[in-house]
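K.L.:
If you scroll down you'll find the structure; I have some questions about it.
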Amino acid sequence: MKIQVVGKELKVTDAINDYIERKLERIDKYFEDASAEVTVKTEKNEQIAEIAVVANGAKYRAASEEKDLYASTDKVIDILEGQIRKEKTRKDK
């Protein structure tokens, strides 16, 4: 999976980058070839993570805001995984 991490008003450290890449492995298992664009930003006291995944001609997008960037990333991954599973189930039927 090709992953691009962009920080807006926030510096993307190696720890954040590694954490996001490790979490995106959960999404990567559903596709052979996919790309993900991750945007992390901060607004007031909220840390926002947005992830857009493009794979097999389908686009999946989710965003979450929490007090902690790691919690926000976890929530976004859960949302995306649910969307992907739902779409795959629909196609199988």
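Naming scheme: A, B, ... for chains in displayed order of the structure tokens; residues 1 onward per chain; ligands 1 onward as shown.
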As a PyMOL selection string, which residues of chain A does DSSP assign to helix (DSSP H, G or I)?
P.N.:
chain A and resi 14-28+69-92
K.L.:
Output the selection as a compact mmCIF listing (two decimals), in the first residue's frame - N, CA and C atoms for each residue.
P.N.:
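Written output follows (result_35.txt):
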# COMPACT_ATOMS: atom_id res chain seq x y z
N ASP A 14 8.27 10.94 13.13
CA ASP A 14 8.48 9.54 12.74
C ASP A 14 7.56 8.60 13.53
N ALA A 15 7.33 8.94 14.79
CA ALA A 15 6.46 8.10 15.62
C ALA A 15 5.03 8.10 15.08
N ILE A 16 4.53 9.26 14.73
CA ILE A 16 3.17 9.35 14.16
C ILE A 16 3.11 8.61 12.84
N ASN A 17 4.10 8.83 11.98
CA ASN A 17 4.14 8.18 10.68
C ASN A 17 4.17 6.65 10.82
N ASP A 18 5.01 6.14 11.70
CA ASP A 18 5.10 4.69 11.92
C ASP A 18 3.79 4.13 12.47
N TYR A 19 3.17 4.86 13.39
CA TYR A 19 1.91 4.41 13.97
C TYR A 19 0.82 4.30 12.90
N ILE A 20 0.73 5.30 12.05
CA ILE A 20 -0.28 5.31 10.98
C ILE A 20 -0.02 4.17 10.01
N GLU A 21 1.23 3.98 9.61
CA GLU A 21 1.55 2.89 8.69
C GLU A 21 1.22 1.53 9.30
N ARG A 22 1.52 1.35 10.59
CA ARG A 22 1.23 0.07 11.25
C ARG A 22 -0.29 -0.17 11.31
N LYS A 23 -1.06 0.88 11.58
CA LYS A 23 -2.51 0.73 11.66
C LYS A 23 -3.13 0.49 10.29
N LEU A 24 -2.56 1.07 9.24
CA LEU A 24 -3.10 0.88 7.91
C LEU A 24 -2.87 -0.52 7.36
N GLU A 25 -2.06 -1.31 8.02
CA GLU A 25 -1.90 -2.71 7.63
C GLU A 25 -3.22 -3.46 7.77
N ARG A 26 -4.07 -3.02 8.70
CA ARG A 26 -5.40 -3.63 8.85
C ARG A 26 -6.24 -3.43 7.60
N ILE A 27 -6.06 -2.30 6.92
CA ILE A 27 -6.81 -2.00 5.70
C ILE A 27 -6.16 -2.70 4.50
N ASP A 28 -4.84 -2.77 4.52
CA ASP A 28 -4.09 -3.33 3.39
C ASP A 28 -4.44 -4.78 3.11
N LEU A 69 -4.23 12.37 19.04
CA LEU A 69 -4.09 11.99 17.64
C LEU A 69 -4.10 10.48 17.45
N TYR A 70 -3.53 9.74 18.38
CA TYR A 70 -3.51 8.28 18.27
C TYR A 70 -4.93 7.71 18.39
N ALA A 71 -5.73 8.26 19.29
CA ALA A 71 -7.12 7.81 19.45
C ALA A 71 -7.92 8.15 18.19
N SER A 72 -7.66 9.31 17.64
CA SER A 72 -8.34 9.73 16.42
C SER A 72 -8.00 8.80 15.26
N THR A 73 -6.72 8.42 15.16
CA THR A 73 -6.29 7.50 14.11
C THR A 73 -6.95 6.14 14.28
N ASP A 74 -7.00 5.63 15.50
CA ASP A 74 -7.65 4.34 15.75
C ASP A 74 -9.11 4.36 15.33
N LYS A 75 -9.80 5.43 15.66
CA LYS A 75 -11.22 5.54 15.33
C LYS A 75 -11.44 5.58 13.82
N VAL A 76 -10.59 6.32 13.11
CA VAL A 76 -10.70 6.41 11.65
C VAL A 76 -10.47 5.05 11.00
N ILE A 77 -9.49 4.32 11.49
CA ILE A 77 -9.20 2.99 10.93
C ILE A 77 -10.40 2.07 11.15
N ASP A 78 -11.01 2.12 12.34
CA ASP A 78 -12.20 1.30 12.61
C ASP A 78 -13.33 1.65 11.65
N ILE A 79 -13.55 2.94 11.41
CA ILE A 79 -14.61 3.38 10.50
C ILE A 79 -14.34 2.88 9.09
N LEU A 80 -13.10 3.04 8.62
CA LEU A 80 -12.75 2.60 7.27
C LEU A 80 -12.90 1.09 7.11
N GLU A 81 -12.45 0.35 8.11
CA GLU A 81 -12.55 -1.10 8.03
C GLU A 81 -14.02 -1.54 7.96
N GLY A 82 -14.88 -0.87 8.70
CA GLY A 82 -16.31 -1.16 8.64
C GLY A 82 -16.89 -0.87 7.26
N GLN A 83 -16.50 0.26 6.67
CA GLN A 83 -16.97 0.61 5.32
C GLN A 83 -16.53 -0.44 4.30
N ILE A 84 -15.29 -0.87 4.40
CA ILE A 84 -14.74 -1.82 3.43
C ILE A 84 -15.42 -3.18 3.59
N ARG A 85 -15.59 -3.63 4.83
CA ARG A 85 -16.27 -4.92 5.06
C ARG A 85 -17.71 -4.87 4.55
N LYS A 86 -18.39 -3.78 4.79
CA LYS A 86 -19.78 -3.62 4.34
C LYS A 86 -19.85 -3.67 2.82
N GLU A 87 -18.94 -2.99 2.14
CA GLU A 87 -18.93 -2.98 0.68
C GLU A 87 -18.60 -4.37 0.12
N LYS A 88 -17.64 -5.06 0.72
CA LYS A 88 -17.29 -6.39 0.25
C LYS A 88 -18.44 -7.38 0.46
N THR A 89 -19.14 -7.27 1.57
CA THR A 89 -20.30 -8.12 1.84
C THR A 89 -21.40 -7.86 0.81
N ARG A 90 -21.62 -6.61 0.50
CA ARG A 90 -22.63 -6.24 -0.49
C ARG A 90 -22.28 -6.80 -1.86
N LYS A 91 -21.01 -6.75 -2.24
CA LYS A 91 -20.58 -7.28 -3.55
C LYS A 91 -20.71 -8.80 -3.60
N ASP A 92 -20.43 -9.46 -2.48
CA ASP A 92 -20.51 -10.93 -2.44
C ASP A 92 -21.94 -11.42 -2.61
K.L.:
So which residues of chain A fall under strand (DSSP E or B) by DSSP, listed as a PyMOL selection string?
P.N.:
chain A and resi 2-8+34-43+46-55+58-66
K.L.:
If you count only C-alpha atoms, which residues fall within 9 Å of Ala52 (chain A), apart from same-chain ones fewer than 5 positions away, as a list in words?
P.N.:
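Neighbouring residues, sequence-local ones excluded: Ser35, Ala36, Glu37, Val38, Thr39, Lys59, Tyr60, Arg61, Ala62, Ala63 and Leu80 of chain A.
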K.L.:
Rank A:Glu9, A:Asp68, A:Ala55, A:Gln4 by their smallest atom-to-atom distance to Thr42 (chain A), using only C-alpha atoms, and report the top residue only.
P.N.:
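Result for the nearest residue to Thr42 (chain A): A:Glu9.
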K.L.:
Report, in Å with one decimal, the straight-line distance from CA of Lys41 (chain A) to CA of Lys29 (chain A).
P.N.:
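These two atoms are separated by 26.5 Å.
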K.L.:
Using only C-alpha atoms for the distances, tell me which of A:Ile51, A:Glu66, A:Lys93, A:Glu43 is nearest to Val5 (chain A).
P.N.:
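Selected residue with least distance to Val5 (chain A): A:Ile51.
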K.L.:
Between CA of Tyr30 (chain A) and CA of Ala49 (chain A), what is the spacing in Å?
P.N.:
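According to the coordinates, CA of Ala49 (chain A) and CA of Tyr30 (chain A) are separated by 21.0 Å.
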K.L.:
Rounded to one decimal place, report the CA of Val12 (chain A)-CA of Val40 (chain A) distance in Å.
P.N.:
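These atoms are spaced 7.9 Å apart.
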